[in-house]
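**Student:** One structure, as C-alpha cells, below. Some questions next.
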Amino acid sequence: MRLIAARGLGVRLGALQVLTGVDLHVDAGEIVTIVGPNGSGKSTLLRSLIGALRPDTGAVVRAGGLRIGYVPQKLAIDHTLPLTVGRFLNLPKRVSRAVADRALERAGAGALWDRAMADLSGGQFQRILLARALLNAPQLLILDEPTQGLDQPGSAAFYRLIEDVRDTLGCGVLMVSHELHVVMSASDRVVCLNGHVCCHGTPETVANSAEYRALFGTGTAGALALYRHEHAHSHDHACGHDHARESA
Amino acid sequence: MSLLDDFIVRAALGGVGVALAAAPLGSFVVWRRMAFFGDATAHAAILGVALSLALSLPITVGAMGVALLMALAVSGLSDRRVALDTGLGVMAHASLAVGLVAVSFVEGVRIDLSAYLFGDILAVSKADIAVIWGGGALVVAGLAWRWQSLLTATLSEDLAQASGIDPRRERLLLTVGLAVVVAVAIKVVGVLLIVAMLLIPPAAARPFSRTPEAMALIAAGIGAASALAGLWGAFVFDAPAGPAIVTAAALAFLLSTLKRV
C-alpha cells in the first residue's frame with residue numbers, strides 16, 4: 001500500500017533552490033532511508049512531507065487519513081521549561097497511561113515516565129521521541145537523523161529498534177541519516193539525495209553507484225560490506241540516468 | 001461604603017489581577033525567550049498613550065492598539081529571520097523615545113509621565129479594575145483554550161506542524177495576549193516594568209516546578225504575593241508602588257535561586 005509520495009517536488013528557501021524534481025514514495029512495511037551530504041535538502045524534504053513546508057512545484061500525495069509519527073532531528077528543550085517524560089507524551093493530545101506505557105515499552109524506555117526530560121541521556125531522549133511518535137499507532141514513521149549524538153553501538157541498537165517497530169506495527173519508515181553503513185544495512189531502499197535524487201534502489205545498488213561514490217567516496221562500500229558480510233565491490237553503474245549531463 | 005471605595009483595596013485588586021494574567025503568559029515569554037519581544041511591545045505602548053491623550057481616547061485602547069501593531073510587526077520580522085536582536089532593540093527604544101517626545105507635544109494636559117512609565121497603582125479606579133480583570137480573564141481563557149497546542153509549538157515548530165498545529169497561529173495568540181496584558185498593566189506597573197512582571201514570577205517558580213502547569217500556577221502565586229507585599233512595602237517605606245512590587249518579585253526570585261544550590 002502506497003503511504004506517501006512526492007512527485008516532482010521543488011522547494012526554494014529564500015534565494016536557494018534546495019530541492020528540484022524529487023520523486024519519492026514509501027509503501028507500508030518498508031524502510032526507506034535518505035542519505036546525502038550536508039545541505040543536500042534531506043531535512044527540507046522531510047519537512048515538506050510532514051507539511052511544515054509548502055513545495056513550490058510538484059506535490060505531496062498522502063494516503064487518505066494517513067497517521068504520521070514524526071521524530072524531529074533535534075529537540076532543544078529550553079531549561080526554563082519543566083517537563084517530565086509523562087507530560088511530554090501528553091502533547092499535544094492527552095493519552096491514557098496504558099497507551100503511553102505501551103509506546104514506552106515498544107521504544108525500550110519503560111521506566112522513564114517520571115523523569116525530567118532535561119535529565120535524560122542522549123539515547124534515552126531519542127527513545128522518548130520515538131515513543132511519542134508511536135502513540136497514535138502511526139502508519140508511517142518519519143525520522144530525521146534520529147541517532148545524532150549517539151555512539152556507534154547506541155545508533156546500531158536504535159536502528160534495530162526501528163526494525164522491530166516496523167515488524168510489530170507493519171508501518172512504513174522513512175528516515176534521514178548520516179551514518180551510511182549502519183543505516184543502509186537496516187534499509188529496504190535507499191535514496192541518495194543532493195538537491196535532486198542522484199540514485200535510488202537497494203542498499204547494494206546505491207552503494208555501488210557512481211553517483212553515491214562521487215558524493216561519499218569508495219570507503220563506505222567497504223563499511224557496508226562489513227556490516228552485511230557481503231562484498232559490494234563491483235563497479236557497475238547502477239543508476240538509471242546520465243549523471244555527467246547534470247553536472248555539466 | 002463599599003469595600004472598593006478604599007483605594008488600597010482597589011490597588012491590591014489591580015495588582016493581583018495583573019499578576020494572575022501575567023503569570024501564564026509570562027511563562028511562555030520565558031520558555032520561548034521572548035523577553036526582548038515583550039520589551040518592544042511594552043515600550044511601544046507609551047506611543048499609544050501619547051496618541052490616546054492627543055485624540056482623547058481611553059489610554060487602554062491606544063496603548064493596546066499600538067502595542068499590538070508593534071508586536072505584529074516584530075512577529076513578522078522574526079518570520080523573515082532578520083537579525084532579530086538588533087531589530088528588536090532598535091524598535092523597542094525608538095518607540096519609547098518617540099512616544100516620550102510625542103507625549104510632550106500633547107497640549108493642554110500637564111501629564112505626570114512617571115505614572116505611565118512606572119505605574120500609578122494607588123490611583124486605580126473601579127473602571128480600571130474592570131479593565132484589568134476583564135482583559136486578564138480574556139488572556140487567561142485564551143491561553144487555557146490553546147494550552148496543549150501552545151506548549152507543543154513552544155517545544156518544536158516542526159513537531160507542532162506534524163501534529164496538524166499551525167505554529168504561526170499559536171504565536172499570534174501569544175502576541176495578542178502580550179498586547180492586552182501590556183495595555184491593562186500600564187496603570188499598575190507602567191510600561192518600563194511590565195516585562196519584569198512577566199519574567200520574574202515564572203523565573204522564580206521554575207525551581208519548584210516539574211510541569212509547565214505547575215510553573216504557571218506557582219508563578220501566579222508568587223506574582224500575587226509580590227503585588228501585595230510590594231503595596232505593603234510602598235506604604236511602610238513610603239516608596240513608589242510599581243517599583244516596590246517588582247522589587248518584591250525580585251526578592252522572591254533571589255530566594256528561589258537558593259533552591260537550586
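Scheme for the C-alpha cells: letters A, B, ... for chains in order shown; per-chain residue numbers from 1; ligand numbers from 1 in order shown.
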Please provide the set of residues having any atom within 12 Å of A:Gly154, restricted to only C-alpha atoms, with same-chain residues fewer than 6 positions apart removed, written as a CSV table (one decimal) with C-alpha atoms, in the first residue's frame.

**Tutor:**
chain,number,residue,atom,x,y,z
A,121,SER,CA,20.8,10.7,28.3
A,122,GLY,CA,21.0,11.2,24.5
A,123,GLY,CA,19.9,7.6,23.9
A,124,GLN,CA,17.0,7.8,26.4
A,126,GLN,CA,15.7,9.6,21.3
A,127,ARG,CA,13.7,6.7,22.7
A,146,PRO,CA,17.3,10.0,14.9
A,147,THR,CA,20.7,8.9,16.1
A,148,GLN,CA,22.5,12.2,16.1
A,160,ARG,CA,17.5,-2.4,15.3
A,161,LEU,CA,14.7,-0.9,17.4
A,182,VAL,CA,24.7,1.3,9.7

**Student:** Provide as a PyMOL selection string the residues of chain A at most 10 Å from chain B, counting only C-alpha atoms.

**Tutor:** chain A and resi 14+47+49-53+67-88+90-94+114-117+133+142

**Student:** Pick from B:Val188, B:Ala234, B:Val181, B:Val103: nearest to B:Leu53, with only C-alpha atoms counted?

**Tutor:**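 Looking only at the distances to B:Leu53, the closest residue turns out to be B:Val103.
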
**Student:** Counting only C-alpha atoms, which residue out of A:Val32, A:Ala156, A:Leu150, A:Gly58 sits closest to A:Thr202?

**Tutor:**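 Of the candidates, the smallest distance to A:Thr202 is held by A:Val32.
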
**Student:** Can you check which residues of stretch 42-228 of chain A DSSP gives as strand (DSSP E or B) on the backbone and send them as a ChimeraX atom specification?

**Tutor:** /A:57-62,68-71,84,116,140-144,172-176,189-193,197-201

**Student:** Name the residues of stretch 107-224 of chain A that fall into helix (DSSP H, G or I) according to DSSP on the backbone, using the chain letters and numbers of this document, as an mmCIF file with N, CA, C and O atoms, in the first residue's frame.

**Tutor:**
data_model
loop_
_atom_site.group_PDB
_atom_site.id
_atom_site.type_symbol
_atom_site.label_atom_id
_atom_site.label_comp_id
_atom_site.auth_asym_id
_atom_site.auth_seq_id
_atom_site.Cartn_x
_atom_site.Cartn_y
_atom_site.Cartn_z
ATOM 1 N N MET A 117 12.692 15.541 31.390
ATOM 2 C CA MET A 117 13.285 15.415 30.055
ATOM 3 C C MET A 117 14.735 15.897 30.059
ATOM 4 O O MET A 117 15.588 15.363 29.357
ATOM 5 N N ALA A 118 15.005 16.925 30.874
ATOM 6 C CA ALA A 118 16.345 17.516 30.889
ATOM 7 C C ALA A 118 17.386 16.558 31.459
ATOM 8 O O ALA A 118 18.575 16.719 31.198
ATOM 9 N N ASP A 119 16.940 15.558 32.228
ATOM 10 C CA ASP A 119 17.896 14.652 32.881
ATOM 11 C C ASP A 119 18.185 13.398 32.061
ATOM 12 O O ASP A 119 18.945 12.537 32.494
ATOM 13 N N GLY A 122 21.325 11.014 25.946
ATOM 14 C CA GLY A 122 21.001 11.159 24.524
ATOM 15 C C GLY A 122 20.174 9.996 23.993
ATOM 16 O O GLY A 122 19.175 10.187 23.304
ATOM 17 N N GLY A 123 20.584 8.775 24.359
ATOM 18 C CA GLY A 123 19.878 7.598 23.872
ATOM 19 C C GLY A 123 18.471 7.504 24.439
ATOM 20 O O GLY A 123 17.523 7.181 23.720
ATOM 21 N N GLN A 124 18.344 7.819 25.735
ATOM 22 C CA GLN A 124 17.008 7.794 26.355
ATOM 23 C C GLN A 124 16.099 8.827 25.703
ATOM 24 O O GLN A 124 14.932 8.565 25.411
ATOM 25 N N PHE A 125 16.663 10.008 25.441
ATOM 26 C CA PHE A 125 15.881 11.096 24.850
ATOM 27 C C PHE A 125 15.313 10.667 23.495
ATOM 28 O O PHE A 125 14.133 10.861 23.203
ATOM 29 N N GLN A 126 16.178 10.037 22.665
ATOM 30 C CA GLN A 126 15.721 9.597 21.339
ATOM 31 C C GLN A 126 14.619 8.550 21.464
ATOM 32 O O GLN A 126 13.678 8.527 20.682
ATOM 33 N N ARG A 127 14.749 7.674 22.467
ATOM 34 C CA ARG A 127 13.717 6.654 22.653
ATOM 35 C C ARG A 127 12.391 7.262 23.076
ATOM 36 O O ARG A 127 11.322 6.792 22.673
ATOM 37 N N ILE A 128 12.467 8.340 23.867
ATOM 38 C CA ILE A 128 11.228 9.025 24.259
ATOM 39 C C ILE A 128 10.592 9.685 23.034
ATOM 40 O O ILE A 128 9.376 9.633 22.843
ATOM 41 N N LEU A 129 11.427 10.299 22.190
ATOM 42 C CA LEU A 129 10.891 10.906 20.971
ATOM 43 C C LEU A 129 10.222 9.837 20.109
ATOM 44 O O LEU A 129 9.155 10.056 19.526
ATOM 45 N N LEU A 130 10.862 8.660 20.043
ATOM 46 C CA LEU A 130 10.281 7.564 19.268
ATOM 47 C C LEU A 130 8.968 7.119 19.897
ATOM 48 O O LEU A 130 7.960 6.925 19.200
ATOM 49 N N ALA A 131 8.967 6.976 21.237
ATOM 50 C CA ALA A 131 7.745 6.552 21.926
ATOM 51 C C ALA A 131 6.608 7.526 21.635
ATOM 52 O O ALA A 131 5.475 7.126 21.365
ATOM 53 N N ARG A 132 6.922 8.814 21.652
ATOM 54 C CA ARG A 132 5.903 9.820 21.378
ATOM 55 C C ARG A 132 5.350 9.665 19.963
ATOM 56 O O ARG A 132 4.151 9.788 19.725
ATOM 57 N N ALA A 133 6.251 9.353 19.021
ATOM 58 C CA ALA A 133 5.815 9.190 17.639
ATOM 59 C C ALA A 133 4.955 7.942 17.471
ATOM 60 O O ALA A 133 4.178 7.839 16.526
ATOM 61 N N LEU A 134 5.095 6.978 18.396
ATOM 62 C CA LEU A 134 4.343 5.722 18.270
ATOM 63 C C LEU A 134 2.962 5.800 18.904
ATOM 64 O O LEU A 134 2.153 4.887 18.740
ATOM 65 N N GLN A 152 28.343 4.685 18.249
ATOM 66 C CA GLN A 152 28.001 3.714 17.207
ATOM 67 C C GLN A 152 27.180 2.525 17.716
ATOM 68 O O GLN A 152 26.178 2.177 17.086
ATOM 69 N N PRO A 153 27.545 1.934 18.851
ATOM 70 C CA PRO A 153 26.669 0.855 19.352
ATOM 71 C C PRO A 153 25.275 1.372 19.651
ATOM 72 O O PRO A 153 24.280 0.696 19.385
ATOM 73 N N GLY A 154 25.219 2.605 20.179
ATOM 74 C CA GLY A 154 23.928 3.209 20.507
ATOM 75 C C GLY A 154 23.070 3.368 19.272
ATOM 76 O O GLY A 154 21.882 3.035 19.279
ATOM 77 N N SER A 155 23.663 3.859 18.180
ATOM 78 C CA SER A 155 22.835 4.065 16.997
ATOM 79 C C SER A 155 22.503 2.732 16.329
ATOM 80 O O SER A 155 21.402 2.559 15.817
ATOM 81 N N ALA A 156 23.424 1.769 16.366
ATOM 82 C CA ALA A 156 23.102 0.454 15.804
ATOM 83 C C ALA A 156 21.911 -0.142 16.545
ATOM 84 O O ALA A 156 20.980 -0.671 15.924
ATOM 85 N N ALA A 157 21.914 -0.006 17.879
ATOM 86 C CA ALA A 157 20.801 -0.521 18.680
ATOM 87 C C ALA A 157 19.512 0.212 18.319
ATOM 88 O O ALA A 157 18.445 -0.392 18.229
ATOM 89 N N PHE A 158 19.630 1.518 18.091
ATOM 90 C CA PHE A 158 18.436 2.294 17.778
ATOM 91 C C PHE A 158 17.830 1.842 16.437
ATOM 92 O O PHE A 158 16.614 1.725 16.298
ATOM 93 N N TYR A 159 18.694 1.590 15.461
ATOM 94 C CA TYR A 159 18.169 1.152 14.162
ATOM 95 C C TYR A 159 17.551 -0.240 14.231
ATOM 96 O O TYR A 159 16.574 -0.531 13.541
ATOM 97 N N ARG A 160 18.124 -1.087 15.091
ATOM 98 C CA ARG A 160 17.485 -2.402 15.296
ATOM 99 C C ARG A 160 16.098 -2.219 15.893
ATOM 100 O O ARG A 160 15.144 -2.904 15.520
ATOM 101 N N LEU A 161 16.001 -1.251 16.805
ATOM 102 C CA LEU A 161 14.714 -0.929 17.424
ATOM 103 C C LEU A 161 13.695 -0.503 16.360
ATOM 104 O O LEU A 161 12.544 -0.936 16.365
ATOM 105 N N ILE A 162 14.157 0.338 15.428
ATOM 106 C CA ILE A 162 13.267 0.786 14.353
ATOM 107 C C ILE A 162 12.767 -0.414 13.546
ATOM 108 O O ILE A 162 11.590 -0.502 13.193
ATOM 109 N N GLU A 163 13.683 -1.338 13.262
ATOM 110 C CA GLU A 163 13.267 -2.535 12.519
ATOM 111 C C GLU A 163 12.229 -3.326 13.293
ATOM 112 O O GLU A 163 11.244 -3.802 12.729
ATOM 113 N N ASP A 164 12.456 -3.470 14.609
ATOM 114 C CA ASP A 164 11.485 -4.160 15.459
ATOM 115 C C ASP A 164 10.116 -3.504 15.364
ATOM 116 O O ASP A 164 9.094 -4.173 15.207
ATOM 117 N N VAL A 165 10.116 -2.188 15.481
ATOM 118 C CA VAL A 165 8.864 -1.437 15.442
ATOM 119 C C VAL A 165 8.159 -1.689 14.116
ATOM 120 O O VAL A 165 6.962 -1.940 14.062
ATOM 121 N N ARG A 166 8.934 -1.616 13.028
ATOM 122 C CA ARG A 166 8.368 -1.867 11.708
ATOM 123 C C ARG A 166 7.755 -3.266 11.670
ATOM 124 O O ARG A 166 6.643 -3.468 11.165
ATOM 125 N N ASP A 167 8.470 -4.256 12.219
ATOM 126 C CA ASP A 167 7.979 -5.625 12.165
ATOM 127 C C ASP A 167 6.700 -5.799 12.982
ATOM 128 O O ASP A 167 5.785 -6.506 12.571
ATOM 129 N N THR A 168 6.628 -5.142 14.168
ATOM 130 C CA THR A 168 5.428 -5.310 15.003
ATOM 131 C C THR A 168 4.254 -4.495 14.480
ATOM 132 O O THR A 168 3.136 -4.968 14.449
ATOM 133 N N LEU A 169 4.506 -3.240 14.077
ATOM 134 C CA LEU A 169 3.400 -2.383 13.674
ATOM 135 C C LEU A 169 3.087 -2.496 12.191
ATOM 136 O O LEU A 169 2.023 -2.098 11.742
ATOM 137 N N LEU A 180 25.920 6.183 7.058
ATOM 138 C CA LEU A 180 25.581 5.418 5.865
ATOM 139 C C LEU A 180 25.613 3.921 6.095
ATOM 140 O O LEU A 180 24.649 3.220 5.820
ATOM 141 N N HIS A 181 26.715 3.429 6.634
ATOM 142 C CA HIS A 181 26.870 1.980 6.694
ATOM 143 C C HIS A 181 25.838 1.335 7.604
ATOM 144 O O HIS A 181 25.207 0.359 7.228
ATOM 145 N N VAL A 182 25.619 1.918 8.797
ATOM 146 C CA VAL A 182 24.658 1.323 9.726
ATOM 147 C C VAL A 182 23.258 1.376 9.139
ATOM 148 O O VAL A 182 22.527 0.391 9.111
ATOM 149 N N VAL A 183 22.919 2.555 8.632
ATOM 150 C CA VAL A 183 21.572 2.758 8.123
ATOM 151 C C VAL A 183 21.286 1.872 6.928
ATOM 152 O O VAL A 183 20.225 1.272 6.813
ATOM 153 N N MET A 184 22.262 1.792 6.051
ATOM 154 C CA MET A 184 21.992 1.057 4.817
ATOM 155 C C MET A 184 21.752 -0.413 5.085
ATOM 156 O O MET A 184 20.973 -1.052 4.409
ATOM 157 N N SER A 185 22.394 -0.928 6.129
ATOM 158 C CA SER A 185 22.171 -2.339 6.424
ATOM 159 C C SER A 185 20.770 -2.565 6.965
ATOM 160 O O SER A 185 20.258 -3.666 6.934
ATOM 161 N N PRO A 203 20.164 -1.047 -0.933
ATOM 162 C CA PRO A 203 21.428 -0.525 -0.399
ATOM 163 C C PRO A 203 22.620 -0.897 -1.281
ATOM 164 O O PRO A 203 23.490 -0.059 -1.523
ATOM 165 N N GLU A 204 22.659 -2.125 -1.797
ATOM 166 C CA GLU A 204 23.791 -2.540 -2.636
ATOM 167 C C GLU A 204 23.844 -1.708 -3.907
ATOM 168 O O GLU A 204 24.905 -1.254 -4.332
ATOM 169 N N THR A 205 22.705 -1.548 -4.537
ATOM 170 C CA THR A 205 22.650 -0.787 -5.790
ATOM 171 C C THR A 205 23.210 0.606 -5.592
ATOM 172 O O THR A 205 24.047 1.087 -6.359
ATOM 173 N N VAL A 206 22.738 1.255 -4.499
ATOM 174 C CA VAL A 206 23.159 2.630 -4.261
ATOM 175 C C VAL A 206 24.641 2.690 -3.879
ATOM 176 O O VAL A 206 25.392 3.523 -4.377
ATOM 177 N N ALA A 207 25.064 1.761 -3.038
ATOM 178 C CA ALA A 207 26.458 1.774 -2.591
ATOM 179 C C ALA A 207 27.407 1.602 -3.765
ATOM 180 O O ALA A 207 28.531 2.092 -3.755
ATOM 181 N N ASN A 208 26.951 0.899 -4.802
ATOM 182 C CA ASN A 208 27.815 0.640 -5.949
ATOM 183 C C ASN A 208 27.704 1.698 -7.029
ATOM 184 O O ASN A 208 28.449 1.643 -8.009
ATOM 185 N N ALA A 210 27.945 5.074 -9.170
ATOM 186 C CA ALA A 210 28.989 6.089 -9.326
ATOM 187 C C ALA A 210 28.600 7.381 -8.624
ATOM 188 O O ALA A 210 29.443 8.055 -8.036
ATOM 189 N N GLU A 211 27.306 7.719 -8.654
ATOM 190 C CA GLU A 211 26.861 8.966 -8.031
ATOM 191 C C GLU A 211 27.098 8.945 -6.534
ATOM 192 O O GLU A 211 27.574 9.903 -5.937
ATOM 193 N N TYR A 212 26.751 7.798 -5.935
ATOM 194 C CA TYR A 212 26.921 7.668 -4.500
ATOM 195 C C TYR A 212 28.392 7.783 -4.132
ATOM 196 O O TYR A 212 28.772 8.472 -3.188
ATOM 197 N N ARG A 213 29.234 7.131 -4.927
ATOM 198 C CA ARG A 213 30.670 7.167 -4.616
ATOM 199 C C ARG A 213 31.250 8.550 -4.839
ATOM 200 O O ARG A 213 32.163 8.965 -4.130
ATOM 201 N N ALA A 214 30.699 9.237 -5.816
ATOM 202 C CA ALA A 214 31.184 10.601 -6.054
ATOM 203 C C ALA A 214 30.884 11.470 -4.840
ATOM 204 O O ALA A 214 31.657 12.353 -4.480
ATOM 205 N N LEU A 215 29.759 11.206 -4.164
ATOM 206 C CA LEU A 215 29.375 12.025 -3.024
ATOM 207 C C LEU A 215 30.088 11.591 -1.743
ATOM 208 O O LEU A 215 30.444 12.408 -0.917
ATOM 209 N N PHE A 216 30.242 10.286 -1.573
ATOM 210 C CA PHE A 216 30.721 9.813 -0.272
ATOM 211 C C PHE A 216 32.066 9.110 -0.318
ATOM 212 O O PHE A 216 32.584 8.722 0.711
ATOM 213 N N GLY A 219 35.156 4.365 0.295
ATOM 214 C CA GLY A 219 35.354 3.694 1.571
ATOM 215 C C GLY A 219 34.072 3.166 2.183
ATOM 216 O O GLY A 219 34.070 2.129 2.846
ATOM 217 N N THR A 220 32.992 3.853 1.941
ATOM 218 C CA THR A 220 31.732 3.480 2.571
ATOM 219 C C THR A 220 31.219 2.135 2.084
ATOM 220 O O THR A 220 30.518 1.446 2.807
ATOM 221 N N ALA A 221 31.556 1.789 0.850
ATOM 222 C CA ALA A 221 31.089 0.495 0.346
ATOM 223 C C ALA A 221 31.710 -0.620 1.173
ATOM 224 O O ALA A 221 31.061 -1.605 1.499
ATOM 225 N N GLY A 222 32.990 -0.456 1.523
ATOM 226 C CA GLY A 222 33.648 -1.436 2.360
ATOM 227 C C GLY A 222 32.978 -1.552 3.713
ATOM 228 O O GLY A 222 32.787 -2.646 4.238
ATOM 229 N N ALA A 223 32.601 -0.396 4.273
ATOM 230 C CA ALA A 223 31.948 -0.392 5.573
ATOM 231 C C ALA A 223 30.618 -1.122 5.501
ATOM 232 O O ALA A 223 30.264 -1.883 6.396
ATOM 233 N N LEU A 224 29.913 -0.910 4.407
ATOM 234 C CA LEU A 224 28.634 -1.595 4.224
ATOM 235 C C LEU A 224 28.864 -3.102 4.181
ATOM 236 O O LEU A 224 28.151 -3.870 4.824
#

**Student:** So, with only C-alpha atoms as the atoms that count, which of A:Arg54, A:His25, A:Lys42, A:Arg12 lies closest to A:Leu143?

**Tutor:**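 Selected residue with least distance to A:Leu143: A:Lys42.
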
**Student:** Quick one: residues within 7 Å of stretch 46-52 of chain B, only C-alpha atoms, excluding same-chain residues fewer than 5 positions away - as a list in words?

**Tutor:** Leu57, Pro58, Ile59, Gly62, Ala63, Gly65, Val66, Ser95, Leu96, Val98, Gly99, Leu100, Ala102, Val103 and Val191 of chain B

**Student:** With N, CA, C and O atoms kept, could you save the residues just selected as a short mmCIF file (atom, residue, chain, number, x, y, z; two decimals), in the first residue's frame?

**Tutor:**
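Written out: again-v1.cif:
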data_model
loop_
_atom_site.label_atom_id
_atom_site.label_comp_id
_atom_site.auth_asym_id
_atom_site.auth_seq_id
_atom_site.Cartn_x
_atom_site.Cartn_y
_atom_site.Cartn_z
N LEU B 57 -8.71 59.54 23.59
CA LEU B 57 -9.21 58.16 23.65
C LEU B 57 -8.88 57.60 25.03
O LEU B 57 -8.01 58.12 25.72
N PRO B 58 -9.58 56.53 25.43
CA PRO B 58 -9.14 55.85 26.65
C PRO B 58 -7.69 55.35 26.48
O PRO B 58 -7.35 54.82 25.41
N ILE B 59 -6.88 55.52 27.52
CA ILE B 59 -5.46 55.13 27.45
C ILE B 59 -5.32 53.67 27.03
O ILE B 59 -4.47 53.33 26.19
N GLY B 62 -5.64 53.05 23.15
CA GLY B 62 -4.49 53.49 22.36
C GLY B 62 -3.27 52.62 22.62
O GLY B 62 -2.57 52.20 21.69
N ALA B 63 -3.04 52.34 23.90
CA ALA B 63 -1.86 51.53 24.25
C ALA B 63 -1.95 50.14 23.65
O ALA B 63 -0.99 49.61 23.09
N GLY B 65 -3.70 49.22 21.04
CA GLY B 65 -3.60 49.29 19.58
C GLY B 65 -2.16 49.37 19.12
O GLY B 65 -1.72 48.57 18.27
N VAL B 66 -1.41 50.32 19.68
CA VAL B 66 -0.02 50.49 19.24
C VAL B 66 0.84 49.29 19.65
O VAL B 66 1.68 48.83 18.88
N SER B 95 10.59 53.35 19.75
CA SER B 95 9.18 53.63 20.03
C SER B 95 9.03 54.28 21.40
O SER B 95 8.17 55.15 21.58
N LEU B 96 9.87 53.89 22.33
CA LEU B 96 9.83 54.54 23.65
C LEU B 96 10.18 56.02 23.52
O LEU B 96 9.46 56.90 24.02
N VAL B 98 10.20 57.98 20.79
CA VAL B 98 9.21 58.71 20.00
C VAL B 98 7.96 58.95 20.83
O VAL B 98 7.36 60.03 20.80
N GLY B 99 7.58 57.93 21.62
CA GLY B 99 6.41 58.07 22.48
C GLY B 99 6.59 59.19 23.49
O GLY B 99 5.68 60.01 23.69
N LEU B 100 7.76 59.24 24.11
CA LEU B 100 8.01 60.28 25.11
C LEU B 100 7.99 61.66 24.47
O LEU B 100 7.43 62.61 25.03
N ALA B 102 6.38 62.45 21.76
CA ALA B 102 5.00 62.72 21.35
C ALA B 102 4.16 63.18 22.54
O ALA B 102 3.36 64.10 22.41
N VAL B 103 4.37 62.53 23.70
CA VAL B 103 3.60 62.91 24.88
C VAL B 103 3.87 64.38 25.22
O VAL B 103 2.96 65.14 25.57
N VAL B 191 4.94 51.06 31.69
CA VAL B 191 5.48 50.33 30.54
C VAL B 191 6.90 49.81 30.79
O VAL B 191 7.31 48.83 30.20
#

**Student:** For B:Gly119, work out the shell of residues within 9 Å, counting only C-alpha atoms and skipping chain neighbours fewer than 2 positions away, then give it as a list of chain:residue names.

**Tutor:**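 That gives B:Ser114, B:Ala115, B:Tyr116, B:Leu117, B:Ile121, B:Leu122, B:Ala185, B:Ile186, B:Lys187, B:Val188, B:Val189, B:Gly190, B:Val191, B:Leu192, B:Leu193, B:Pro240, B:Ala241, B:Gly242, B:Pro243.
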
**Student:** Next, write the just-selected residues to a file, as a PDB file, in the first residue's frame, keeping N, CA and C atoms as the atom set.

**Tutor:**
ATOM      1  N   SER B 114       5.760  59.871  34.747  1.00  0.00           N
ATOM      2  CA  SER B 114       6.194  58.704  35.518  1.00  0.00           C
ATOM      3  C   SER B 114       5.016  57.778  35.826  1.00  0.00           C
ATOM      4  N   ALA B 115       3.794  58.319  35.815  1.00  0.00           N
ATOM      5  CA  ALA B 115       2.627  57.477  36.037  1.00  0.00           C
ATOM      6  C   ALA B 115       2.511  56.410  34.948  1.00  0.00           C
ATOM      7  N   TYR B 116       2.917  56.758  33.720  1.00  0.00           N
ATOM      8  CA  TYR B 116       2.826  55.795  32.627  1.00  0.00           C
ATOM      9  C   TYR B 116       4.083  54.934  32.539  1.00  0.00           C
ATOM     10  N   LEU B 117       5.195  55.481  32.975  1.00  0.00           N
ATOM     11  CA  LEU B 117       6.443  54.720  32.899  1.00  0.00           C
ATOM     12  C   LEU B 117       6.545  53.694  34.023  1.00  0.00           C
ATOM     13  N   ILE B 121      -0.490  52.844  40.713  1.00  0.00           N
ATOM     14  CA  ILE B 121      -1.443  51.833  41.174  1.00  0.00           C
ATOM     15  C   ILE B 121      -2.374  52.379  42.250  1.00  0.00           C
ATOM     16  N   LEU B 122      -1.922  53.390  42.995  1.00  0.00           N
ATOM     17  CA  LEU B 122      -2.774  53.919  44.059  1.00  0.00           C
ATOM     18  C   LEU B 122      -3.935  54.733  43.491  1.00  0.00           C
ATOM     19  N   ALA B 185      -1.855  46.577  32.133  1.00  0.00           N
ATOM     20  CA  ALA B 185      -0.925  46.646  33.258  1.00  0.00           C
ATOM     21  C   ALA B 185      -0.262  48.015  33.387  1.00  0.00           C
ATOM     22  N   ILE B 186      -0.466  48.897  32.398  1.00  0.00           N
ATOM     23  CA  ILE B 186       0.205  50.208  32.431  1.00  0.00           C
ATOM     24  C   ILE B 186      -0.079  50.934  33.739  1.00  0.00           C
ATOM     25  N   LYS B 187      -1.348  50.937  34.131  1.00  0.00           N
ATOM     26  CA  LYS B 187      -1.744  51.654  35.339  1.00  0.00           C
ATOM     27  C   LYS B 187      -1.059  51.091  36.591  1.00  0.00           C
ATOM     28  N   VAL B 188      -0.793  49.785  36.564  1.00  0.00           N
ATOM     29  CA  VAL B 188      -0.275  49.132  37.767  1.00  0.00           C
ATOM     30  C   VAL B 188       1.247  49.234  37.885  1.00  0.00           C
ATOM     31  N   VAL B 189       1.966  48.844  36.830  1.00  0.00           N
ATOM     32  CA  VAL B 189       3.430  48.860  36.938  1.00  0.00           C
ATOM     33  C   VAL B 189       4.101  49.750  35.897  1.00  0.00           C
ATOM     34  N   GLY B 190       3.330  50.287  34.911  1.00  0.00           N
ATOM     35  CA  GLY B 190       3.933  51.160  33.914  1.00  0.00           C
ATOM     36  C   GLY B 190       4.661  50.386  32.831  1.00  0.00           C
ATOM     37  N   VAL B 191       4.941  51.055  31.693  1.00  0.00           N
ATOM     38  CA  VAL B 191       5.483  50.333  30.538  1.00  0.00           C
ATOM     39  C   VAL B 191       6.901  49.813  30.786  1.00  0.00           C
ATOM     40  N   LEU B 192       7.655  50.478  31.657  1.00  0.00           N
ATOM     41  CA  LEU B 192       9.044  50.054  31.828  1.00  0.00           C
ATOM     42  C   LEU B 192       9.171  48.786  32.670  1.00  0.00           C
ATOM     43  N   LEU B 193       8.167  48.498  33.491  1.00  0.00           N
ATOM     44  CA  LEU B 193       8.298  47.380  34.424  1.00  0.00           C
ATOM     45  C   LEU B 193       7.354  46.217  34.119  1.00  0.00           C
ATOM     46  N   PRO B 240       7.622  54.271  45.826  1.00  0.00           N
ATOM     47  CA  PRO B 240       6.692  54.157  44.692  1.00  0.00           C
ATOM     48  C   PRO B 240       6.189  52.713  44.574  1.00  0.00           C
ATOM     49  N   ALA B 241       4.884  52.551  44.373  1.00  0.00           N
ATOM     50  CA  ALA B 241       4.269  51.221  44.491  1.00  0.00           C
ATOM     51  C   ALA B 241       4.694  50.263  43.376  1.00  0.00           C
ATOM     52  N   GLY B 242       4.687  50.737  42.100  1.00  0.00           N
ATOM     53  CA  GLY B 242       5.030  49.849  40.981  1.00  0.00           C
ATOM     54  C   GLY B 242       6.413  49.237  41.159  1.00  0.00           C
ATOM     55  N   PRO B 243       7.440  50.081  41.319  1.00  0.00           N
ATOM     56  CA  PRO B 243       8.785  49.532  41.529  1.00  0.00           C
ATOM     57  C   PRO B 243       8.868  48.662  42.780  1.00  0.00           C
TER      58      PRO B 243
END

**Student:** I'd like the neighbourhood of A:Val18 as a list in words, where a residue qualifies if any of its atoms comes within 12 Å (using only C-alpha atoms), though same-chain residues fewer than 5 positions away should be ignored.

**Tutor:**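 The filter keeps Leu9, Gly10, Val11, Arg12, Leu13, Asn38, Gly39, Ser40, Gly41, Lys42, Ser43, Thr44, Leu45, Ser48, Leu53, Pro55, Asp56, Thr57, Leu193, Asn194, Gly195, His196 and Val197 of chain A.
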